[in-house]
Amino acid sequence: MQYSFEMRKRWVEDIQIFFDEMRDASGSPREPYAQYNDWFSGEDPKVLLKKSSEAEAFFRKIGITFNVYGQSEADERLIPFDIVPRIISAREWRSLERGIDQRVRAINAFLHDIYHRQEIIKAGRLPKEIIANNAAFLPQMIGVSPPGGIYTHIIGVDLVRTGEDDFFVLEDNARTPSGVSYMLENRETMLQMFPELFTKLRVQPVSSYPQQLRKSLSNSAPPGMRNASPTVAVLTPGIHNSAYFEHAFLADEMGAELVEATDLSVVDGYVAMRTTQGYQTVDVLYRRVDDEYIDPLNFNPNSLLGVPGIFDVYRAGNITLANAPGTGIADDKALYSYMPDIVEFYTGEKAILKNVPTHRCSDPEELTYVLDHLKDLVVKEVHGSGGYGMLVGPAASKKELAAFTRKLKARPGNYIAQPTLALSTVPIMTKKGLAPRHVDLRPFVLVSPNSIHVTAGGLTRVALKPGSLVVNSSQGGGTKDTWVLGD
Amino acid sequence: MLGKTAGGLFWMFRYLERSENAARLLEAGWRMALTRSDTADTEWESVLTTVGARTLYKQHYDDYDAANVINFLLRDKENPGSILSMLEQARNNARLVRTALSREVWESTNECWMTLKSDLARPVPDRDLAAVLSAVRYRTAVVRGSLHGTMLRNDIYDFTRIGTFLERADNTARILDVKYYILLPSAAALGSSLDNAQWETILRSVSAYRSYRWLYPGDINAKGISDFLILDQRMPRSLAFCMAKITSHLQNLDQQYGVRYNSHDLADNMVLDRKRHSVDTIFDEGLHEFLVERIKCISQLAAQIETDFRFYG
């Protein structure tokens with residue numbers, strides 16, 4: 001998506017220019033990038049370009065590929081990697097960390113409430129219909145209390161930045177956020193390619209994530225478990241799943257078994273995996289299979305990816321599922337606009353992280369506004385993900401705008417709209433040198449009954465086309481290593 | 001360990017071993033075709049028979065043209081026994097059992113597949129054949145090297161080794177069986193140069209031409225070859241060596257799991273030693289009959305291992 005001058009002028013109303021995280025308007029490096037910039041000025045761009053292609057060979061070798069749905073199965077693709085790091089200062093990170101911690105606490109309290117007493121609805125802070133008519137609300141979870149009271153053991157909060165201190169939450173990934181293997185492998189790659197940078201800058205490490213994950217999952221084991229110490233396993237849909245690399249990677253790094261549904265059975269009221277020595281009970285299952293497919297007896301009866309009866313074991317408190325079924329209600333786009341209220345309701349504090357102002361198209365007045373301003377807005381399908389089923393007004397053709405007008409009129413409740421944010425940019429390495437591209441950030445959060453742990457880093461996704469705002473890997477986005485500096 | 005993982009490790013290494021063996025057979029066949037064009041057809045046919053692909057080949061081609069056979073065995077996607085198909089199977093199994101492998105073993109397997117996939121993307125010209133076949137042996141050797149150098153000596157290792165040696169024993173038995181008639185005393189009596197070349201091919205297909213020379217001074221002869229490939233414990237591709245390895249790894253599993261498995265009993269019965277066997281008794285019994293019985297036992301043992309260790313649900 002290219003932006004003409006006219007486009008920029010039209011939709012960047014408040015901010016005259018995109019916020020570049022590396023350099024200010026005068027071209028001088030901002031503080032977190034000062035040392036990196038010094039180093040970079042002394043490097044030969046040709047050598048750096050060569051490093052870029054080395055990185056690609058490295059990723060192919062370790063097999064960190066993904067399959068794009070709808071494309072040939074044999075076609076394993078790499079997510080492009082850019083060698084310029086995205087750098088965040090210690091001060092900026094502290095504030096994000098506080099905001100994330102608060103938001104994650106609120107989400108878990110909300111999930112417990114919404115599947116139990118529903119106080120937030122009784123208090124009139126959330127309309128009843130938004131839950132009642134929501135496909136992401138799982139009636140089977142009503143009255144079920146997960147072991148340790150944790151719903152979202154793993155969360156990835158998608159953030160975007162528009163200015164010095166302006167971070168917005170774009171989306172709370174409370175179901176099965178992916179991408180953490182890229183955070184870890186990107187760092188490994190950078191350590192191998194630019195060791196000298198890590199001796200100059202105090203970059204906080206991310207490598208303990210798998211151990212933290214294991215600890216966090218173990219701490220969430222059911223109190224009445226049979227094994228002396230918790231047996232953790234990762235459930236994958238199989239080697240043809242687009243994120244299989246990540247499933248295998250995390251299991252391997254944690255020292256946990258990687259299982260498919262065919263390896264699991266319900267035996268005497270517990271979930272057990274078929275080992276070379278017979279069945280062994282699993283206490284914590286980090287499942288990368290969606291709710292709908294996890295148990296053909298309790299959910300989609302046609303699922304071949306699930307374990308018949310696993311949900312009954314869960315309800316009886318004999319296994320921990322991470323994340324709990326039904327957490328999708330917390331990151332549903334229809335609820336997104338209520339998040340500041342939700343945070344305030346459960347924590348008693350004002351939300352630290354900002355929400356993007358959101359128009360709910362189910363409201364007739366809002367719908368009229370959205371239809372009148374379609375070319376300035378981003379319209380999202382309430383249940384969509386991965387950048388599919390989305391309209392970016394300023395970049396859309398007349399035909400696309402007309403098509404979305406029809407869709408909005410037909411099913412207004414299916415959509416929300418937001419102003420097009422002036423996403424910050426970070427430079428990428430191109431043949432012509434550094435060039436700014438839009439980015440977002442997904443920090444990874446681990447939640448257990450004892451703690452909330454935010455890894456100092458995350459996945460920075462970057463739109464590789466000039467001017468593009470779509471960072472999704474399925475839409476041609478790339479990734480960067482994310483550096484959080486120490487004090 | 002998951003039963004599925006044990007099965008994946010077993011098959012990953014069977015496929016790697018089988019690819020390597022196929023590369024050796026092709027190399028020996030190719031050498032034969034170059035030096036003795038008159039017997040090339042028979043040679044190619046016996047290569048196809050050894051890898052169990054003759055019937056499938058005949059469905060696609062009418063003659064044993066070298067280019068067709070080579071392409072079929074190297075890279076034909078229709079042929080599940082082509083080197084390319086098998087390396088892909090090996091890599092798929094490696095992906096399946098990724099968590100049981102060290103990073104080195106996984107990466108070397110992945111690189112093996114990536115390299116050969118690219119080398120075999122197009123038909124291989126005659127002048128590149130040697131290099132491609134050598135790449136197969138080299139790449140699979142790197143996997144084996146990483147296995148030895150980086151993996152724990154636990155049940156994971158045992159399953160990879162059992163897969164390797166079952167496959168290797170089966171391969172050696174088949175090579176001998178396909179050529180058994182040239183090893184018979186009546187054929188040996190002829191002592192012609194043709195037989196010498198045939199015997200040489202057998203040794204080359206197990207990478208043992210030189211080592212035979214070292215261990216068995218004098219002329220190459222049928223009994224010497226049979227002894228070397230069946231009973232010699234020093235020869236890493238002999239049936240005796242492979243069976244000893246299999247029983248020792250099954251013994252390890254018994255110890256780790258605290259159970260004696262049926263497969264261990266089966267394997268014990270298949271052990272070959274000079275106290276109980278000699279080439280003369282084998283020849284008296286009938287070499288062909290002996291080998292057919294061996295091949296059958298190997299496949300029964302594989303099935304028993306599959307059951308004992310719950311490879312499938």
# chains A, B, ... in the order shown; residues from 1 in each chain; ligands from 1
call {"tool": "closest_atom_pairs", "arguments": {"of": "chain B", "to": "chain A", "cutoff": "10 Å", "atoms": "only C-alpha atoms", "output": "Markdown table"}}
result
| residue | atom | partner | partner_atom | distance |
| --- | --- | --- | --- | --- |
| B:Met1 | CA | A:Thr275 | CA | 5.2 |
| B:Leu2 | CA | A:Thr275 | CA | 3.8 |
| B:Gly3 | CA | A:Thr276 | CA | 4.5 |
| B:Lys4 | CA | A:Asp263 | CA | 7.1 |
| B:Thr5 | CA | A:Thr275 | CA | 8.4 |
| B:Ala6 | CA | A:Thr276 | CA | 7.1 |
| B:Gly7 | CA | A:Thr276 | CA | 9.4 |
| B:Asn92 | CA | A:Ile239 | CA | 8.0 |
| B:Asn93 | CA | A:Ile239 | CA | 9.5 |
| B:Arg95 | CA | A:Ile239 | CA | 7.0 |
| B:Leu96 | CA | A:Ile239 | CA | 6.5 |
| B:Val97 | CA | A:Leu258 | CA | 8.2 |
| B:Arg98 | CA | A:Ala248 | CA | 6.2 |
| B:Thr99 | CA | A:Asp252 | CA | 4.5 |
| B:Ala100 | CA | A:Asp252 | CA | 7.5 |
| B:Leu101 | CA | A:Asp252 | CA | 8.6 |
| B:Ser102 | CA | A:Asp252 | CA | 9.1 |
| B:Arg103 | CA | A:Ile62 | CA | 8.1 |
| B:Glu104 | CA | A:Ile62 | CA | 9.3 |
| B:Trp106 | CA | A:Ile62 | CA | 7.8 |
| B:Glu107 | CA | A:Ile62 | CA | 5.7 |
| B:Ser108 | CA | A:Lys61 | CA | 8.3 |
| B:Thr109 | CA | A:Lys61 | CA | 9.5 |
| B:Asn110 | CA | A:Lys61 | CA | 6.5 |
| B:Glu111 | CA | A:Lys61 | CA | 6.1 |
| B:Cys112 | CA | A:Lys61 | CA | 9.9 |
| B:Met114 | CA | A:Lys61 | CA | 8.4 |
| B:Asp155 | CA | A:Thr276 | CA | 9.5 |
| B:Tyr257 | CA | A:Gln277 | CA | 7.1 |
| B:Gly258 | CA | A:Gln277 | CA | 9.8 |
| B:Val259 | CA | A:Gln277 | CA | 9.3 |
| B:Glu306 | CA | A:Thr276 | CA | 9.7 |
| B:Thr307 | CA | A:Thr276 | CA | 9.5 |
| B:Asp308 | CA | A:Thr276 | CA | 7.7 |
| B:Phe309 | CA | A:Thr276 | CA | 4.5 |
| B:Arg310 | CA | A:Thr276 | CA | 5.5 |
| B:Phe311 | CA | A:Thr276 | CA | 7.4 |
| B:Tyr312 | CA | A:Asp263 | CA | 8.6 |
| B:Gly313 | CA | A:Thr262 | CA | 7.0 |
call {"tool": "select_by_dssp", "arguments": {"residues": "range 36-210 of chain B", "states": "alpha helix (DSSP H)", "output": "ChimeraX atom specification"}}
result
/B:40-50,54-60,66-75,83-96,103-119,126-150,155-178,180-183,185-190,193-205,209-210
call {"tool": "select_by_dssp", "arguments": {"residues": "range 293-406 of chain A", "states": "strand (DSSP E or B)", "output": "list in words"}}
result
Thr320, Leu321, Ala322, Lys354, Asn355, His359, Arg360, Leu377, Val378, Val379, Lys380, Glu381, Met390, Leu391 and Val392 of chain A
call {"tool": "write_last_selection", "arguments": {"atoms": "N, CA, C and O atoms", "output": "PDB file, in the first residue's frame"}}
result
ATOM      1  N   THR A 320      -4.839 -28.848  33.932  1.00  0.00           N
ATOM      2  CA  THR A 320      -4.837 -27.418  33.624  1.00  0.00           C
ATOM      3  C   THR A 320      -4.706 -27.256  32.123  1.00  0.00           C
ATOM      4  O   THR A 320      -3.813 -27.866  31.515  1.00  0.00           O
ATOM      5  N   LEU A 321      -5.604 -26.496  31.540  1.00  0.00           N
ATOM      6  CA  LEU A 321      -5.473 -26.163  30.129  1.00  0.00           C
ATOM      7  C   LEU A 321      -4.986 -24.728  30.039  1.00  0.00           C
ATOM      8  O   LEU A 321      -5.542 -23.840  30.680  1.00  0.00           O
ATOM      9  N   ALA A 322      -3.925 -24.527  29.296  1.00  0.00           N
ATOM     10  CA  ALA A 322      -3.394 -23.166  29.145  1.00  0.00           C
ATOM     11  C   ALA A 322      -3.408 -22.816  27.660  1.00  0.00           C
ATOM     12  O   ALA A 322      -2.823 -23.541  26.891  1.00  0.00           O
ATOM     13  N   LYS A 354      -3.466   3.071  26.803  1.00  0.00           N
ATOM     14  CA  LYS A 354      -4.605   3.662  26.111  1.00  0.00           C
ATOM     15  C   LYS A 354      -5.238   2.684  25.128  1.00  0.00           C
ATOM     16  O   LYS A 354      -4.562   1.837  24.563  1.00  0.00           O
ATOM     17  N   ASN A 355      -6.522   2.831  24.935  1.00  0.00           N
ATOM     18  CA  ASN A 355      -7.259   2.098  23.913  1.00  0.00           C
ATOM     19  C   ASN A 355      -7.375   2.993  22.677  1.00  0.00           C
ATOM     20  O   ASN A 355      -7.458   4.218  22.817  1.00  0.00           O
ATOM     21  N   HIS A 359     -15.367   2.931  17.128  1.00  0.00           N
ATOM     22  CA  HIS A 359     -16.792   3.083  16.811  1.00  0.00           C
ATOM     23  C   HIS A 359     -17.433   1.713  16.750  1.00  0.00           C
ATOM     24  O   HIS A 359     -16.969   0.839  16.024  1.00  0.00           O
ATOM     25  N   ARG A 360     -18.504   1.539  17.538  1.00  0.00           N
ATOM     26  CA  ARG A 360     -19.233   0.266  17.481  1.00  0.00           C
ATOM     27  C   ARG A 360     -20.316   0.401  16.424  1.00  0.00           C
ATOM     28  O   ARG A 360     -21.265   1.171  16.585  1.00  0.00           O
ATOM     29  N   LEU A 377     -11.109   5.685   7.920  1.00  0.00           N
ATOM     30  CA  LEU A 377     -11.146   4.756   9.039  1.00  0.00           C
ATOM     31  C   LEU A 377     -10.573   3.380   8.683  1.00  0.00           C
ATOM     32  O   LEU A 377     -10.455   3.036   7.506  1.00  0.00           O
ATOM     33  N   VAL A 378     -10.239   2.641   9.732  1.00  0.00           N
ATOM     34  CA  VAL A 378      -9.913   1.220   9.558  1.00  0.00           C
ATOM     35  C   VAL A 378     -11.118   0.446  10.086  1.00  0.00           C
ATOM     36  O   VAL A 378     -11.555   0.679  11.209  1.00  0.00           O
ATOM     37  N   VAL A 379     -11.661  -0.434   9.238  1.00  0.00           N
ATOM     38  CA  VAL A 379     -12.819  -1.214   9.680  1.00  0.00           C
ATOM     39  C   VAL A 379     -12.368  -2.651   9.879  1.00  0.00           C
ATOM     40  O   VAL A 379     -11.667  -3.221   9.042  1.00  0.00           O
ATOM     41  N   LYS A 380     -12.757  -3.222  11.013  1.00  0.00           N
ATOM     42  CA  LYS A 380     -12.324  -4.593  11.321  1.00  0.00           C
ATOM     43  C   LYS A 380     -13.533  -5.479  11.577  1.00  0.00           C
ATOM     44  O   LYS A 380     -14.500  -5.041  12.207  1.00  0.00           O
ATOM     45  N   GLU A 381     -13.424  -6.695  11.129  1.00  0.00           N
ATOM     46  CA  GLU A 381     -14.451  -7.674  11.440  1.00  0.00           C
ATOM     47  C   GLU A 381     -14.287  -8.052  12.897  1.00  0.00           C
ATOM     48  O   GLU A 381     -13.168  -8.227  13.384  1.00  0.00           O
ATOM     49  N   MET A 390     -10.382  -7.026   6.593  1.00  0.00           N
ATOM     50  CA  MET A 390     -10.155  -5.714   7.200  1.00  0.00           C
ATOM     51  C   MET A 390     -10.097  -4.672   6.074  1.00  0.00           C
ATOM     52  O   MET A 390      -9.659  -4.974   4.971  1.00  0.00           O
ATOM     53  N   LEU A 391     -10.585  -3.455   6.368  1.00  0.00           N
ATOM     54  CA  LEU A 391     -10.524  -2.390   5.368  1.00  0.00           C
ATOM     55  C   LEU A 391      -9.666  -1.251   5.917  1.00  0.00           C
ATOM     56  O   LEU A 391      -9.912  -0.759   7.019  1.00  0.00           O
ATOM     57  N   VAL A 392      -8.664  -0.858   5.164  1.00  0.00           N
ATOM     58  CA  VAL A 392      -7.879   0.316   5.551  1.00  0.00           C
ATOM     59  C   VAL A 392      -8.321   1.443   4.626  1.00  0.00           C
ATOM     60  O   VAL A 392      -7.907   1.523   3.470  1.00  0.00           O
TER      61      VAL A 392
END
call {"tool": "residues_around", "arguments": {"residues": "Gly477 in chain A", "least_positions_apart": "2", "cutoff": "10 Å", "atoms": "only C-alpha atoms", "output": "number ranges by chain"}}
result
A: 79-81, 438-439, 461-465, 468-475, 479
call {"tool": "residues_around", "arguments": {"residues": "range 454-456 of chain A", "least_positions_apart": "5", "cutoff": "10 Å", "atoms": "only C-alpha atoms", "output": "MDAnalysis selection string"}}
result
chainID A and resid 88 90 93:94 96:98 100:101 155:156 203:209 212 443:447 482:486
call {"tool": "closest_residue", "arguments": {"among": "B:Met235, B:Val124, B:Val105, B:Met12", "to": "Leu215 in chain B", "atoms": "only C-alpha atoms"}}
result
B:Met235
call {"tool": "atom_distance", "arguments": {"atom1": "CA of Ile305 in chain B", "atom2": "CA of Leu250 in chain B"}}
result
9.3 Å
call {"tool": "closest_residue", "arguments": {"among": "B:Ala222, B:Leu253, B:Ile202, B:Leu56", "to": "Leu287 in chain B", "atoms": "only C-alpha atoms"}}
result
B:Ala222
call {"tool": "residues_around", "arguments": {"residues": "Val232 in chain A", "least_positions_apart": "4", "cutoff": "7 Å", "atoms": "only C-alpha atoms", "output": "number ranges by chain"}}
result
A: 256, 282-285
call {"tool": "residues_around", "arguments": {"residues": "range 289-298 of chain A", "least_positions_apart": "5", "cutoff": "10 Å", "atoms": "only C-alpha atoms", "output": "count of residues only"}}
result
29
call {"tool": "closest_residue", "arguments": {"among": "A:Ile83, A:Ala243, A:Asp20, A:Asn450", "to": "Pro45 in chain A", "atoms": "only C-alpha atoms"}}
result
A:Ile83
call {"tool": "decode", "arguments": {"residues": "range 193-327 of chain A", "atoms": "C-alpha atoms", "output": "compact mmCIF listing (two decimals), in the first residue's frame"}}
result
# COMPACT_ATOMS: atom_id res chain seq x y z
CA MET A 193 25.75 -11.61 13.71
CA PHE A 194 26.53 -8.58 15.85
CA PRO A 195 28.16 -9.76 19.08
CA GLU A 196 30.03 -6.45 19.39
CA LEU A 197 26.75 -4.54 19.76
CA PHE A 198 25.76 -6.58 22.77
CA THR A 199 29.02 -5.73 24.48
CA LYS A 200 28.36 -2.00 23.93
CA LEU A 201 24.65 -1.77 24.71
CA ARG A 202 22.97 -3.12 27.81
CA VAL A 203 20.26 -5.17 26.15
CA GLN A 204 18.02 -7.10 28.55
CA PRO A 205 18.05 -10.82 27.76
CA VAL A 206 14.96 -12.71 26.62
CA SER A 207 16.41 -16.20 26.64
CA SER A 208 14.90 -17.26 29.95
CA TYR A 209 11.38 -17.17 28.48
CA PRO A 210 11.04 -20.96 28.00
CA GLN A 211 12.17 -21.64 31.59
CA GLN A 212 9.77 -18.95 32.83
CA LEU A 213 7.02 -20.54 30.77
CA ARG A 214 7.70 -23.97 32.23
CA LYS A 215 7.77 -22.55 35.75
CA SER A 216 4.62 -20.59 35.18
CA LEU A 217 2.76 -23.61 33.76
CA SER A 218 4.01 -25.88 36.55
CA ASN A 219 2.84 -23.38 39.16
CA SER A 220 -0.60 -23.53 37.58
CA ALA A 221 -0.92 -27.33 37.92
CA PRO A 222 -4.12 -28.69 39.47
CA PRO A 223 -3.85 -28.94 43.28
CA GLY A 224 -5.06 -32.54 43.23
CA MET A 225 -2.64 -33.79 40.59
CA ARG A 226 -1.43 -37.38 40.69
CA ASN A 227 2.20 -36.91 39.73
CA ALA A 228 4.71 -35.86 42.34
CA SER A 229 5.86 -32.99 40.14
CA PRO A 230 3.75 -31.59 37.31
CA THR A 231 4.01 -33.21 33.87
CA VAL A 232 3.70 -30.49 31.24
CA ALA A 233 2.96 -31.18 27.57
CA VAL A 234 2.40 -29.00 24.51
CA LEU A 235 -0.55 -29.94 22.29
CA THR A 236 -0.08 -29.18 18.59
CA PRO A 237 -2.45 -29.76 15.67
CA GLY A 238 0.52 -31.38 13.90
CA ILE A 239 3.39 -30.79 11.50
CA HIS A 240 1.21 -29.16 8.87
CA ASN A 241 0.08 -26.36 11.19
CA SER A 242 1.54 -22.98 10.28
CA ALA A 243 3.01 -22.53 13.76
CA TYR A 244 4.36 -26.08 14.17
CA PHE A 245 7.92 -24.82 14.41
CA GLU A 246 6.98 -22.75 17.42
CA HIS A 247 5.13 -25.61 19.13
CA ALA A 248 8.12 -27.93 18.73
CA PHE A 249 10.54 -25.17 19.69
CA LEU A 250 8.77 -24.32 22.94
CA ALA A 251 8.29 -27.96 23.94
CA ASP A 252 11.95 -28.60 23.25
CA GLU A 253 13.16 -25.55 25.15
CA MET A 254 10.92 -26.37 28.11
CA GLY A 255 11.81 -30.05 28.13
CA ALA A 256 8.14 -30.95 27.74
CA GLU A 257 6.56 -33.55 25.48
CA LEU A 258 5.06 -32.32 22.23
CA VAL A 259 1.82 -34.23 21.76
CA GLU A 260 -0.92 -34.49 19.18
CA ALA A 261 -4.47 -35.51 19.97
CA THR A 262 -3.72 -39.07 18.84
CA ASP A 263 -1.14 -39.35 21.64
CA LEU A 264 -3.71 -38.48 24.33
CA SER A 265 -6.57 -40.37 25.92
CA VAL A 266 -8.79 -39.94 28.91
CA VAL A 267 -7.84 -42.75 31.30
CA ASP A 268 -9.62 -43.12 34.70
CA GLY A 269 -10.70 -39.50 34.76
CA TYR A 270 -7.28 -38.10 33.87
CA VAL A 271 -5.68 -37.09 30.59
CA ALA A 272 -2.80 -39.37 29.75
CA MET A 273 -0.25 -39.62 26.93
CA ARG A 274 0.76 -42.87 25.28
CA THR A 275 4.44 -43.42 26.02
CA THR A 276 6.73 -46.32 25.19
CA GLN A 277 5.96 -47.59 28.69
CA GLY A 278 2.18 -47.13 28.69
CA TYR A 279 -0.04 -44.20 29.67
CA GLN A 280 1.33 -41.34 31.72
CA THR A 281 -0.84 -38.62 33.27
CA VAL A 282 -0.51 -35.07 31.97
CA ASP A 283 -1.10 -32.33 34.54
CA VAL A 284 -0.70 -29.19 32.46
CA LEU A 285 -1.45 -28.98 28.78
CA TYR A 286 -0.21 -25.93 26.90
CA ARG A 287 -2.58 -26.38 24.04
CA ARG A 288 -2.11 -24.70 20.67
CA VAL A 289 -5.42 -26.05 19.42
CA ASP A 290 -8.42 -23.71 19.39
CA ASP A 291 -11.34 -24.13 21.84
CA GLU A 292 -13.66 -25.32 19.16
CA TYR A 293 -11.45 -28.27 18.23
CA ILE A 294 -10.19 -29.35 21.60
CA ASP A 295 -12.88 -31.86 22.50
CA PRO A 296 -15.20 -33.41 19.90
CA LEU A 297 -17.56 -34.62 22.64
CA ASN A 298 -18.04 -31.19 24.18
CA PHE A 299 -17.43 -28.87 21.23
CA ASN A 300 -17.13 -29.37 17.44
CA PRO A 301 -17.99 -33.07 16.94
CA ASN A 302 -16.08 -33.20 13.65
CA SER A 303 -12.75 -32.24 15.16
CA LEU A 304 -9.91 -34.68 14.64
CA LEU A 305 -7.49 -32.44 16.51
CA GLY A 306 -9.10 -32.87 19.91
CA VAL A 307 -9.24 -35.34 22.77
CA PRO A 308 -12.72 -36.76 23.45
CA GLY A 309 -13.69 -36.02 27.03
CA ILE A 310 -10.77 -33.72 27.89
CA PHE A 311 -13.16 -30.95 28.86
CA ASP A 312 -14.86 -33.22 31.41
CA VAL A 313 -11.46 -33.89 32.99
CA TYR A 314 -10.88 -30.14 33.02
CA ARG A 315 -14.20 -29.45 34.68
CA ALA A 316 -13.37 -32.03 37.34
CA GLY A 317 -10.17 -30.08 38.08
CA ASN A 318 -7.81 -32.85 36.99
CA ILE A 319 -5.89 -31.00 34.30
CA THR A 320 -4.84 -27.42 33.62
CA LEU A 321 -5.47 -26.16 30.13
CA ALA A 322 -3.39 -23.17 29.15
CA ASN A 323 -5.04 -21.01 28.15
CA ALA A 324 -8.42 -21.89 29.63
CA PRO A 325 -11.22 -22.46 27.13
CA GLY A 326 -13.42 -19.41 26.59
CA THR A 327 -10.74 -16.73 27.01
